[in-house]
$ cat coords_7.cif   # mmCIF, C-alpha atoms and all ligand atoms
data_entry
#
loop_
_atom_site.group_PDB
_atom_site.id
_atom_site.type_symbol
_atom_site.label_atom_id
_atom_site.label_comp_id
_atom_site.auth_asym_id
_atom_site.auth_seq_id
_atom_site.Cartn_x
_atom_site.Cartn_y
_atom_site.Cartn_z
ATOM 1 C CA MET B 596 0.000 0.000 0.000
ATOM 2 C CA ALA B 597 1.406 3.396 -0.989
ATOM 3 C CA ILE B 598 0.824 5.056 2.348
ATOM 4 C CA THR B 599 3.435 7.730 1.973
ATOM 5 C CA GLU B 600 2.164 8.616 -1.464
ATOM 6 C CA ALA B 601 -1.343 8.944 -0.084
ATOM 7 C CA ALA B 602 -0.110 11.068 2.780
ATOM 8 C CA ARG B 603 1.682 13.385 0.395
ATOM 9 C CA ALA B 604 -1.245 14.080 -1.887
ATOM 10 C CA PRO B 605 -3.780 16.184 -0.038
ATOM 11 C CA ALA B 606 -6.928 16.394 -2.110
ATOM 12 C CA GLY B 607 -8.959 19.539 -2.406
ATOM 13 C CA ALA B 608 -5.994 21.860 -2.161
ATOM 14 C CA ALA B 609 -4.411 21.704 -5.579
ATOM 15 C CA GLY B 610 -0.865 22.895 -5.397
ATOM 16 C CA ALA B 611 -1.149 24.350 -1.892
ATOM 17 C CA ALA B 612 1.778 23.541 0.371
ATOM 18 C CA PRO B 613 0.633 21.527 3.394
ATOM 19 C CA LEU B 614 -0.048 23.458 6.567
ATOM 20 C CA LEU B 615 1.041 20.507 8.673
ATOM 21 C CA THR B 616 3.429 17.749 7.658
ATOM 22 C CA VAL B 617 3.898 14.790 9.978
ATOM 23 C CA ARG B 618 6.643 12.299 9.118
ATOM 24 C CA GLY B 619 7.887 9.273 11.012
ATOM 25 C CA LEU B 620 6.320 10.502 14.241
ATOM 26 C CA GLU B 621 7.054 8.220 17.185
ATOM 27 C CA ALA B 622 5.919 8.689 20.758
ATOM 28 C CA TRP B 623 6.331 7.094 24.156
ATOM 29 C CA TYR B 624 4.556 7.115 27.501
ATOM 30 C CA GLY B 625 7.459 6.304 29.804
ATOM 31 C CA GLU B 626 8.927 3.079 28.423
ATOM 32 C CA SER B 627 5.828 2.322 26.431
ATOM 33 C CA HIS B 628 6.376 2.944 22.697
ATOM 34 C CA VAL B 629 2.956 3.889 21.298
ATOM 35 C CA LEU B 630 3.432 5.659 17.944
ATOM 36 C CA HIS B 631 5.623 3.869 15.436
ATOM 37 C CA GLY B 632 6.035 6.279 12.546
ATOM 38 C CA ILE B 633 2.921 8.336 11.807
ATOM 39 C CA ASP B 634 2.860 9.984 8.351
ATOM 40 C CA PHE B 635 0.230 12.430 7.140
ATOM 41 C CA ASP B 636 -0.340 15.916 5.747
ATOM 42 C CA VAL B 637 -3.031 18.494 6.251
ATOM 43 C CA ALA B 638 -3.578 21.232 3.671
ATOM 44 C CA PRO B 639 -4.592 24.739 4.743
ATOM 45 C CA GLY B 640 -8.337 24.929 5.304
ATOM 46 C CA GLU B 641 -8.817 21.180 5.272
ATOM 47 C CA VAL B 642 -10.756 19.074 7.736
ATOM 48 C CA VAL B 643 -9.141 15.652 8.116
ATOM 49 C CA THR B 644 -10.073 12.921 10.509
ATOM 50 C CA LEU B 645 -8.056 10.296 12.306
ATOM 51 C CA LEU B 646 -10.134 7.137 12.460
ATOM 52 C CA GLY B 647 -9.156 3.921 14.177
ATOM 53 C CA ARG B 648 -9.936 1.411 16.880
ATOM 54 C CA ASN B 649 -9.629 2.057 20.590
ATOM 55 C CA GLY B 650 -5.983 2.321 21.531
ATOM 56 C CA ALA B 651 -4.791 2.802 17.926
ATOM 57 C CA GLY B 652 -2.944 6.002 18.844
ATOM 58 C CA LYS B 653 -5.293 8.784 17.683
ATOM 59 C CA THR B 654 -5.237 10.799 20.904
ATOM 60 C CA THR B 655 -1.514 10.222 21.252
ATOM 61 C CA THR B 656 -1.032 11.614 17.738
ATOM 62 C CA LEU B 657 -2.820 14.840 18.722
ATOM 63 C CA LYS B 658 -0.846 15.074 21.982
ATOM 64 C CA SER B 659 2.381 14.486 20.101
ATOM 65 C CA ILE B 660 1.602 17.246 17.586
ATOM 66 C CA MET B 661 0.935 19.540 20.554
ATOM 67 C CA GLY B 662 4.097 18.384 22.333
ATOM 68 C CA VAL B 663 2.266 17.231 25.450
ATOM 69 C CA ILE B 664 3.748 13.755 25.639
ATOM 70 C CA GLY B 665 6.668 12.182 27.504
ATOM 71 C CA LYS B 666 8.892 11.688 24.494
ATOM 72 C CA ARG B 667 8.403 12.166 20.756
ATOM 73 C CA LYS B 668 10.632 11.891 17.737
ATOM 74 C CA GLY B 669 10.333 12.263 13.977
ATOM 75 C CA SER B 670 9.085 15.381 12.237
ATOM 76 C CA VAL B 671 6.087 17.655 12.789
ATOM 77 C CA ALA B 672 6.354 20.762 10.617
ATOM 78 C CA LEU B 673 3.890 23.644 10.634
ATOM 79 C CA GLU B 674 4.141 25.794 7.512
ATOM 80 C CA GLY B 675 7.560 24.266 6.956
ATOM 81 C CA LYS B 676 8.783 25.064 10.471
ATOM 82 C CA GLU B 677 10.028 22.031 12.394
ATOM 83 C CA THR B 678 8.456 21.811 15.868
ATOM 84 C CA ILE B 679 9.697 18.463 17.150
ATOM 85 C CA ASP B 680 12.195 20.017 19.566
ATOM 86 C CA LEU B 681 9.912 22.838 20.737
ATOM 87 C CA PRO B 682 8.123 22.873 24.101
ATOM 88 C CA SER B 683 4.322 22.739 23.967
ATOM 89 C CA ARG B 684 3.992 26.421 24.855
ATOM 90 C CA ALA B 685 6.016 27.429 21.806
ATOM 91 C CA ILE B 686 3.970 25.057 19.648
ATOM 92 C CA ALA B 687 0.757 26.684 20.874
ATOM 93 C CA ARG B 688 2.154 30.091 19.993
ATOM 94 C CA LEU B 689 2.554 28.939 16.393
ATOM 95 C CA GLY B 690 -1.231 28.668 16.290
ATOM 96 C CA ILE B 691 -2.106 25.081 17.187
ATOM 97 C CA GLY B 692 -4.979 24.593 19.623
ATOM 98 C CA PHE B 693 -5.896 21.285 21.276
ATOM 99 C CA VAL B 694 -9.382 20.483 22.582
ATOM 100 C CA PRO B 695 -8.913 17.288 24.613
ATOM 101 C CA GLU B 696 -11.543 14.613 24.969
ATOM 102 C CA GLU B 697 -11.919 15.464 28.681
ATOM 103 C CA ARG B 698 -12.699 19.056 27.593
ATOM 104 C CA GLY B 699 -10.902 20.545 30.590
ATOM 105 C CA ILE B 700 -13.690 22.798 31.805
ATOM 106 C CA TYR B 701 -13.050 24.187 35.283
ATOM 107 C CA SER B 702 -16.107 23.321 37.305
ATOM 108 C CA SER B 703 -15.516 26.043 39.884
ATOM 109 C CA LEU B 704 -15.371 28.774 37.225
ATOM 110 C CA SER B 705 -18.207 30.367 35.290
ATOM 111 C CA VAL B 706 -18.618 29.992 31.537
ATOM 112 C CA GLU B 707 -17.219 33.489 31.100
ATOM 113 C CA GLU B 708 -14.189 32.767 33.285
ATOM 114 C CA ASN B 709 -13.556 29.517 31.449
ATOM 115 C CA LEU B 710 -13.792 31.374 28.135
ATOM 116 C CA MET B 711 -11.270 33.987 29.200
ATOM 117 C CA LEU B 712 -8.845 31.515 30.761
ATOM 118 C CA PRO B 713 -6.538 30.451 27.901
ATOM 119 C CA PRO B 714 -4.217 33.301 26.948
ATOM 120 C CA LYS B 715 -4.336 34.812 23.474
ATOM 121 C CA ILE B 716 -1.402 33.375 21.612
ATOM 122 C CA ARG B 717 -1.565 35.323 18.379
ATOM 123 C CA GLU B 718 -3.655 37.742 16.333
ATOM 124 C CA GLY B 719 -6.799 36.608 14.581
ATOM 125 C CA GLY B 720 -8.666 35.033 17.473
ATOM 126 C CA LEU B 721 -12.455 35.226 17.372
ATOM 127 C CA SER B 722 -14.214 37.872 19.437
ATOM 128 C CA LEU B 723 -16.621 36.807 22.166
ATOM 129 C CA GLU B 724 -19.471 38.124 19.990
ATOM 130 C CA ARG B 725 -18.389 35.846 17.148
ATOM 131 C CA ILE B 726 -18.060 32.894 19.506
ATOM 132 C CA PHE B 727 -21.591 33.552 20.780
ATOM 133 C CA THR B 728 -22.880 33.608 17.206
ATOM 134 C CA LEU B 729 -21.405 30.145 16.746
ATOM 135 C CA PHE B 730 -22.618 28.941 20.150
ATOM 136 C CA PRO B 731 -25.658 30.951 21.299
ATOM 137 C CA ASN B 732 -26.084 28.580 24.277
ATOM 138 C CA LEU B 733 -22.841 29.867 25.753
ATOM 139 C CA LYS B 734 -24.092 33.435 25.824
ATOM 140 C CA GLU B 735 -27.212 32.402 27.696
ATOM 141 C CA ARG B 736 -25.109 30.476 30.201
ATOM 142 C CA LEU B 737 -22.359 33.070 30.654
ATOM 143 C CA ARG B 738 -22.755 33.277 34.428
ATOM 144 C CA SER B 739 -23.373 29.567 34.953
ATOM 145 C CA GLN B 740 -20.806 27.474 36.709
ATOM 146 C CA GLY B 741 -18.829 24.924 34.679
ATOM 147 C CA THR B 742 -20.415 22.025 36.577
ATOM 148 C CA LYS B 743 -23.922 23.134 35.633
ATOM 149 C CA LEU B 744 -23.319 22.724 31.908
ATOM 150 C CA SER B 745 -24.542 19.828 29.831
ATOM 151 C CA GLY B 746 -21.962 17.737 27.964
ATOM 152 C CA GLY B 747 -22.801 19.598 24.764
ATOM 153 C CA GLU B 748 -22.377 22.997 26.392
ATOM 154 C CA GLN B 749 -19.054 21.913 27.853
ATOM 155 C CA GLN B 750 -17.887 20.837 24.412
ATOM 156 C CA MET B 751 -18.956 24.167 22.904
ATOM 157 C CA LEU B 752 -17.136 26.001 25.673
ATOM 158 C CA ALA B 753 -14.013 23.916 25.133
ATOM 159 C CA ILE B 754 -14.026 24.714 21.397
ATOM 160 C CA GLY B 755 -15.104 28.332 21.905
ATOM 161 C CA ARG B 756 -12.301 29.235 24.238
ATOM 162 C CA ILE B 757 -9.682 27.834 21.859
ATOM 163 C CA LEU B 758 -11.128 29.978 19.040
ATOM 164 C CA ARG B 759 -10.494 33.060 21.176
ATOM 165 C CA THR B 760 -6.764 32.322 21.443
ATOM 166 C CA GLY B 761 -5.956 32.832 17.767
ATOM 167 C CA ALA B 762 -5.157 29.178 17.055
ATOM 168 C CA HIS B 763 -5.770 28.413 13.378
ATOM 169 C CA LEU B 764 -5.032 24.679 13.396
ATOM 170 C CA LEU B 765 -7.520 22.961 15.699
ATOM 171 C CA LEU B 766 -7.024 19.476 17.106
ATOM 172 C CA LEU B 767 -10.401 18.139 18.254
ATOM 173 C CA ASP B 768 -10.464 14.840 20.134
ATOM 174 C CA GLU B 769 -13.861 13.133 19.837
ATOM 175 C CA PRO B 770 -15.951 16.293 20.185
ATOM 176 C CA THR B 771 -19.225 14.395 19.685
ATOM 177 C CA GLU B 772 -18.601 11.662 22.236
ATOM 178 C CA GLY B 773 -21.612 11.064 24.449
ATOM 179 C CA LEU B 774 -23.652 13.904 22.955
ATOM 180 C CA ALA B 775 -27.255 13.847 21.774
ATOM 181 C CA PRO B 776 -27.854 13.816 17.992
ATOM 182 C CA VAL B 777 -29.174 17.384 17.938
ATOM 183 C CA ILE B 778 -26.006 18.631 19.677
ATOM 184 C CA ILE B 779 -23.817 16.579 17.347
ATOM 185 C CA GLU B 780 -25.531 18.342 14.443
ATOM 186 C CA GLN B 781 -24.752 21.699 15.967
ATOM 187 C CA ILE B 782 -21.086 20.757 16.433
ATOM 188 C CA GLY B 783 -21.069 19.618 12.800
ATOM 189 C CA ARG B 784 -22.464 22.966 11.606
ATOM 190 C CA THR B 785 -19.853 24.767 13.669
ATOM 191 C CA ILE B 786 -17.014 22.729 12.180
ATOM 192 C CA ALA B 787 -18.340 23.499 8.684
ATOM 193 C CA GLU B 788 -18.542 27.214 9.547
ATOM 194 C CA LEU B 789 -14.986 27.209 10.939
ATOM 195 C CA LYS B 790 -13.793 25.535 7.754
ATOM 196 C CA ARG B 791 -15.488 28.261 5.695
ATOM 197 C CA GLU B 792 -13.644 30.821 7.800
ATOM 198 C CA GLY B 793 -10.340 29.190 6.916
ATOM 199 C CA PHE B 794 -9.586 27.162 10.027
ATOM 200 C CA THR B 795 -7.773 23.874 9.523
ATOM 201 C CA ILE B 796 -9.021 20.993 11.620
ATOM 202 C CA ILE B 797 -7.785 17.561 12.641
ATOM 203 C CA LEU B 798 -10.691 15.641 14.064
ATOM 204 C CA VAL B 799 -10.476 12.375 15.961
ATOM 205 C CA GLU B 800 -13.787 10.558 15.619
ATOM 206 C CA GLN B 801 -15.253 7.172 16.416
ATOM 207 C CA ASN B 802 -18.453 8.188 14.695
ATOM 208 C CA PHE B 803 -17.468 8.055 11.035
ATOM 209 C CA ARG B 804 -21.011 8.816 9.935
ATOM 210 C CA PHE B 805 -20.547 12.169 11.613
ATOM 211 C CA ALA B 806 -16.990 12.485 10.293
ATOM 212 C CA GLN B 807 -18.324 11.991 6.782
ATOM 213 C CA THR B 808 -20.518 15.084 7.071
ATOM 214 C CA VAL B 809 -17.610 17.433 7.819
ATOM 215 C CA ALA B 810 -14.310 16.007 6.549
ATOM 216 C CA ASP B 811 -12.345 16.246 3.311
ATOM 217 C CA ARG B 812 -10.212 13.196 3.958
ATOM 218 C CA HIS B 813 -9.846 10.402 6.473
ATOM 219 C CA TYR B 814 -6.643 8.864 7.767
ATOM 220 C CA VAL B 815 -6.859 5.410 9.294
ATOM 221 C CA VAL B 816 -4.629 4.807 12.312
ATOM 222 C CA GLU B 817 -3.716 1.268 13.341
ATOM 223 C CA GLN B 818 -1.209 0.313 16.033
ATOM 224 C CA GLY B 819 0.566 3.628 15.997
ATOM 225 C CA LYS B 820 0.772 4.075 12.222
ATOM 226 C CA VAL B 821 -1.295 5.672 9.482
ATOM 227 C CA VAL B 822 -2.217 2.717 7.308
ATOM 228 C CA ASP B 823 -4.593 4.285 4.810
ATOM 229 C CA MET B 824 -6.103 7.518 3.526
ATOM 230 C CA ILE B 825 -9.638 7.687 2.182
ATOM 231 C CA PRO B 826 -10.946 10.836 0.478
ATOM 232 C CA ASN B 827 -14.382 11.685 1.823
ATOM 233 C CA ALA B 828 -15.953 11.308 -1.618
ATOM 234 C CA GLU B 829 -14.720 7.693 -1.673
ATOM 235 C CA LEU B 830 -15.831 6.773 1.822
ATOM 236 C CA ASP B 831 -19.065 5.078 0.814
ATOM 237 C CA ALA B 832 -17.261 2.997 -1.809
ATOM 238 C CA ASN B 833 -14.760 1.917 0.854
ATOM 239 C CA ILE B 834 -17.231 1.260 3.618
ATOM 240 C CA ASP B 835 -16.505 -2.481 3.907
ATOM 241 C CA LYS B 836 -12.788 -1.794 4.155
ATOM 242 C CA LEU B 837 -13.436 0.870 6.780
ATOM 243 C CA HIS B 838 -15.594 -1.498 8.807
ATOM 244 C CA ARG B 839 -12.717 -3.984 8.794
ATOM 245 C CA TYR B 840 -10.275 -1.310 9.952
ATOM 246 C CA LEU B 841 -12.571 -0.198 12.740
ATOM 247 C CA GLY B 842 -13.795 -3.663 13.642
ATOM 248 C CA VAL B 843 -17.436 -2.620 13.516
HETATM 249 N N1 LIG F 1 -1.032 7.990 29.748
HETATM 250 C C1 LIG F 1 -0.724 6.820 29.186
HETATM 251 N N2 LIG F 1 0.235 6.021 29.701
HETATM 252 C C2 LIG F 1 0.558 4.833 29.134
HETATM 253 N N3 LIG F 1 -0.034 4.354 28.032
HETATM 254 C C3 LIG F 1 -0.981 5.103 27.460
HETATM 255 C C4 LIG F 1 -1.392 6.375 28.009
HETATM 256 N N4 LIG F 1 -2.385 6.871 27.229
HETATM 257 C C5 LIG F 1 -2.581 5.966 26.268
HETATM 258 N N5 LIG F 1 -1.755 4.907 26.386
HETATM 259 C C6 LIG F 1 -1.666 3.732 25.488
HETATM 260 O O1 LIG F 1 -1.259 4.194 24.223
HETATM 261 C C7 LIG F 1 -1.947 3.518 23.172
HETATM 262 C C8 LIG F 1 -2.633 4.545 22.278
HETATM 263 O O2 LIG F 1 -3.620 5.222 23.055
HETATM 264 P P1 LIG F 1 -4.484 6.424 22.496
HETATM 265 O O3 LIG F 1 -5.149 7.024 23.669
HETATM 266 O O4 LIG F 1 -3.628 7.301 21.660
HETATM 267 O O5 LIG F 1 -5.506 5.660 21.565
HETATM 268 P P2 LIG F 1 -6.806 6.195 20.805
HETATM 269 O O6 LIG F 1 -6.664 5.776 19.385
HETATM 270 O O7 LIG F 1 -7.012 7.622 21.095
HETATM 271 O O8 LIG F 1 -7.948 5.288 21.481
HETATM 272 P P3 LIG F 1 -9.456 5.643 21.922
HETATM 273 O O9 LIG F 1 -10.281 5.441 20.701
HETATM 274 O O10 LIG F 1 -9.745 4.617 22.973
HETATM 275 O O11 LIG F 1 -9.486 7.037 22.448
HETATM 276 C C9 LIG F 1 -2.898 2.547 23.865
HETATM 277 O O12 LIG F 1 -2.268 1.304 23.889
HETATM 278 C C10 LIG F 1 -3.040 3.103 25.255
HETATM 279 O O13 LIG F 1 -3.280 2.076 26.173
HETATM 280 MG MG MG F 2 -8.439 8.661 22.109
#

$ encode --input "coords_7.cif" --output "structure tokens"
Amino acid sequence: MAITEAARAPAGAAGAAPLLTVRGLEAWYGESHVLHGIDFDVAPGEVVTLLGRNGAGKTTTLKSIMGVIGKRKGSVALEGKETIDLPSRAIARLGIGFVPEERGIYSSLSVEENLMLPPKIREGGLSLERIFTLFPNLKERLRSQGTKLSGGEQQMLAIGRILRTGAHLLLLDEPTEGLAPVIIEQIGRTIAELKREGFTIILVEQNFRFAQTVADRHYVVEQGKVVDMIPNAELDANIDKLHRYLGV
């Protein structure tokens, strides 16, 4: 299988240099070697997903891009700039924002305080007004405490506060997990809107039916490697293969 070839040919961005280039990325938790050479590209303005079974290494790939992992090696270049030896703070300042699966909402703080918490890292962050247009629920709940929010509201808050920082490459880890279908739809519309505004998004998803509604391409992760790339337009034709990959 021509994995590297697939990784090097981002569709939907003819001729554009990749925004993010990941090559031979390896990562460890302590002694435990978890990523074994991840290769993929993301073009500017693209939405790509990382699909794969539990424990395949999707979350670890996001953490490794962000530099929040015990040890990593290989190459992660943003707009041609190598980041593998940078601390996570410096990586964030380049414009990469991570929304972890746990969402990281402070329960003792209000929605507003949570929103204002992450520092602005660069120009171009969305205003609070713009964030409230994307997530009207957050405006209504501005004074509510973090603990009082539904799972969907917490997810919106987690995404919203990253948009304020000026990050332009968003790493979203299973944003729809555990949410009701109507909330998943809203998250989907938001991702589409962010794409229209020029954000680039790497989305980890278990729910590939949802992924299909928002993504340009899908990378399949298996045992710490990217083993395939499926353009979104070819997903239906490859559904049996995908089921085998995901074991569903
Ligand atoms: N903090 C950790 N310490 C040690 N091993 C870890 C840690 N986090 C994850 N792992 C291991 O690393 C491997 C990859 O995990 P990872 O969380 O990246 O998978 P994933 O694809 O995100 O899975 P899931 O779909 O369950 O979220 C798994 O074998 C997991 O057990
Ligand atoms: Mg995970």

$ closest_atom_pairs --input "coords_7.cif" --of "chain B" --to "ligand MG 2 (chain F)" --cutoff "7 Å" --atoms "only C-alpha atoms and all ligand atoms" --output "tab-separated table"
residue	atom	partner	partner_atom	distance
B:Asn649	CA	F:MG2	MG	6.9
B:Gly650	CA	F:MG2	MG	6.8
B:Gly652	CA	F:MG2	MG	6.9
B:Lys653	CA	F:MG2	MG	5.4
B:Thr654	CA	F:MG2	MG	4.0
B:Asp768	CA	F:MG2	MG	6.8

$ resolve_selection --input "coords_7.cif" --expression "the PyMOL selection byres (((chain B and resi 740-752) around 10) and not hetatm)" --output "PyMOL selection string"
chain B and resi 694-710+726-727+729-733+736-739+753-758+769-775+777-779+781-782+785

$ resolve_selection --input "coords_7.cif" --expression "the PyMOL selection byres (((not hetatm)) within 12 of (chain F and resi 1))" --output "MDAnalysis selection string"
chainID B and resid 621:631 633 644:660 663:666 695:697 767:770 772 798:802 815:821 841

$ write_last_selection --input "coords_7.cif" --atoms "C-alpha atoms" --output "PDB file, in the coordinates of the input"
ATOM      1  CA  GLU B 621       7.054   8.220  17.185  1.00  0.00           C
ATOM      2  CA  ALA B 622       5.919   8.689  20.758  1.00  0.00           C
ATOM      3  CA  TRP B 623       6.331   7.094  24.156  1.00  0.00           C
ATOM      4  CA  TYR B 624       4.556   7.115  27.501  1.00  0.00           C
ATOM      5  CA  GLY B 625       7.459   6.304  29.804  1.00  0.00           C
ATOM      6  CA  GLU B 626       8.927   3.079  28.423  1.00  0.00           C
ATOM      7  CA  SER B 627       5.828   2.322  26.431  1.00  0.00           C
ATOM      8  CA  HIS B 628       6.376   2.944  22.697  1.00  0.00           C
ATOM      9  CA  VAL B 629       2.956   3.889  21.298  1.00  0.00           C
ATOM     10  CA  LEU B 630       3.432   5.659  17.944  1.00  0.00           C
ATOM     11  CA  HIS B 631       5.623   3.869  15.436  1.00  0.00           C
ATOM     12  CA  ILE B 633       2.921   8.336  11.807  1.00  0.00           C
ATOM     13  CA  THR B 644     -10.073  12.921  10.509  1.00  0.00           C
ATOM     14  CA  LEU B 645      -8.056  10.296  12.306  1.00  0.00           C
ATOM     15  CA  LEU B 646     -10.134   7.137  12.460  1.00  0.00           C
ATOM     16  CA  GLY B 647      -9.156   3.921  14.177  1.00  0.00           C
ATOM     17  CA  ARG B 648      -9.936   1.411  16.880  1.00  0.00           C
ATOM     18  CA  ASN B 649      -9.629   2.057  20.590  1.00  0.00           C
ATOM     19  CA  GLY B 650      -5.983   2.321  21.531  1.00  0.00           C
ATOM     20  CA  ALA B 651      -4.791   2.802  17.926  1.00  0.00           C
ATOM     21  CA  GLY B 652      -2.944   6.002  18.844  1.00  0.00           C
ATOM     22  CA  LYS B 653      -5.293   8.784  17.683  1.00  0.00           C
ATOM     23  CA  THR B 654      -5.237  10.799  20.904  1.00  0.00           C
ATOM     24  CA  THR B 655      -1.514  10.222  21.252  1.00  0.00           C
ATOM     25  CA  THR B 656      -1.032  11.614  17.738  1.00  0.00           C
ATOM     26  CA  LEU B 657      -2.820  14.840  18.722  1.00  0.00           C
ATOM     27  CA  LYS B 658      -0.846  15.074  21.982  1.00  0.00           C
ATOM     28  CA  SER B 659       2.381  14.486  20.101  1.00  0.00           C
ATOM     29  CA  ILE B 660       1.602  17.246  17.586  1.00  0.00           C
ATOM     30  CA  VAL B 663       2.266  17.231  25.450  1.00  0.00           C
ATOM     31  CA  ILE B 664       3.748  13.755  25.639  1.00  0.00           C
ATOM     32  CA  GLY B 665       6.668  12.182  27.504  1.00  0.00           C
ATOM     33  CA  LYS B 666       8.892  11.688  24.494  1.00  0.00           C
ATOM     34  CA  PRO B 695      -8.913  17.288  24.613  1.00  0.00           C
ATOM     35  CA  GLU B 696     -11.543  14.613  24.969  1.00  0.00           C
ATOM     36  CA  GLU B 697     -11.919  15.464  28.681  1.00  0.00           C
ATOM     37  CA  LEU B 767     -10.401  18.139  18.254  1.00  0.00           C
ATOM     38  CA  ASP B 768     -10.464  14.840  20.134  1.00  0.00           C
ATOM     39  CA  GLU B 769     -13.861  13.133  19.837  1.00  0.00           C
ATOM     40  CA  PRO B 770     -15.951  16.293  20.185  1.00  0.00           C
ATOM     41  CA  GLU B 772     -18.601  11.662  22.236  1.00  0.00           C
ATOM     42  CA  LEU B 798     -10.691  15.641  14.064  1.00  0.00           C
ATOM     43  CA  VAL B 799     -10.476  12.375  15.961  1.00  0.00           C
ATOM     44  CA  GLU B 800     -13.787  10.558  15.619  1.00  0.00           C
ATOM     45  CA  GLN B 801     -15.253   7.172  16.416  1.00  0.00           C
ATOM     46  CA  ASN B 802     -18.453   8.188  14.695  1.00  0.00           C
ATOM     47  CA  VAL B 815      -6.859   5.410   9.294  1.00  0.00           C
ATOM     48  CA  VAL B 816      -4.629   4.807  12.312  1.00  0.00           C
ATOM     49  CA  GLU B 817      -3.716   1.268  13.341  1.00  0.00           C
ATOM     50  CA  GLN B 818      -1.209   0.313  16.033  1.00  0.00           C
ATOM     51  CA  GLY B 819       0.566   3.628  15.997  1.00  0.00           C
ATOM     52  CA  LYS B 820       0.772   4.075  12.222  1.00  0.00           C
ATOM     53  CA  VAL B 821      -1.295   5.672   9.482  1.00  0.00           C
ATOM     54  CA  LEU B 841     -12.571  -0.198  12.740  1.00  0.00           C
TER      55      LEU B 841
END

$ closest_residue --input "coords_7.cif" --among "B:Val637, B:Val809, B:Leu614, B:Leu765" --to "Glu677 in chain B" --atoms "all atoms listed in the file"
B:Leu614

$ atom_distance --input "coords_7.cif" --atom1 "CA of Asn827 in chain B" --atom2 "CA of Thr795 in chain B"
15.9 Å

$ atom_distance --input "coords_7.cif" --atom1 "CA of Asp680 in chain B" --atom2 "CA of Ala612 in chain B"
22.1 Å

$ residues_near_point --input "coords_7.cif" --point "(-3.3, 23.6, 16.8)" --cutoff "7 Å" --atoms "only C-alpha atoms" --output "PyMOL selection string"
chain B and resi 661+687+690-693+762-766

$ atom_distance --input "coords_7.cif" --atom1 "CA of Tyr840 in chain B" --atom2 "CA of Ile797 in chain B"
19.2 Å

$ closest_residue --input "coords_7.cif" --among "B:Gly632, B:Ile686, B:Glu788, B:Thr616" --to "Val671 in chain B" --atoms "all atoms listed in the file"
B:Thr616
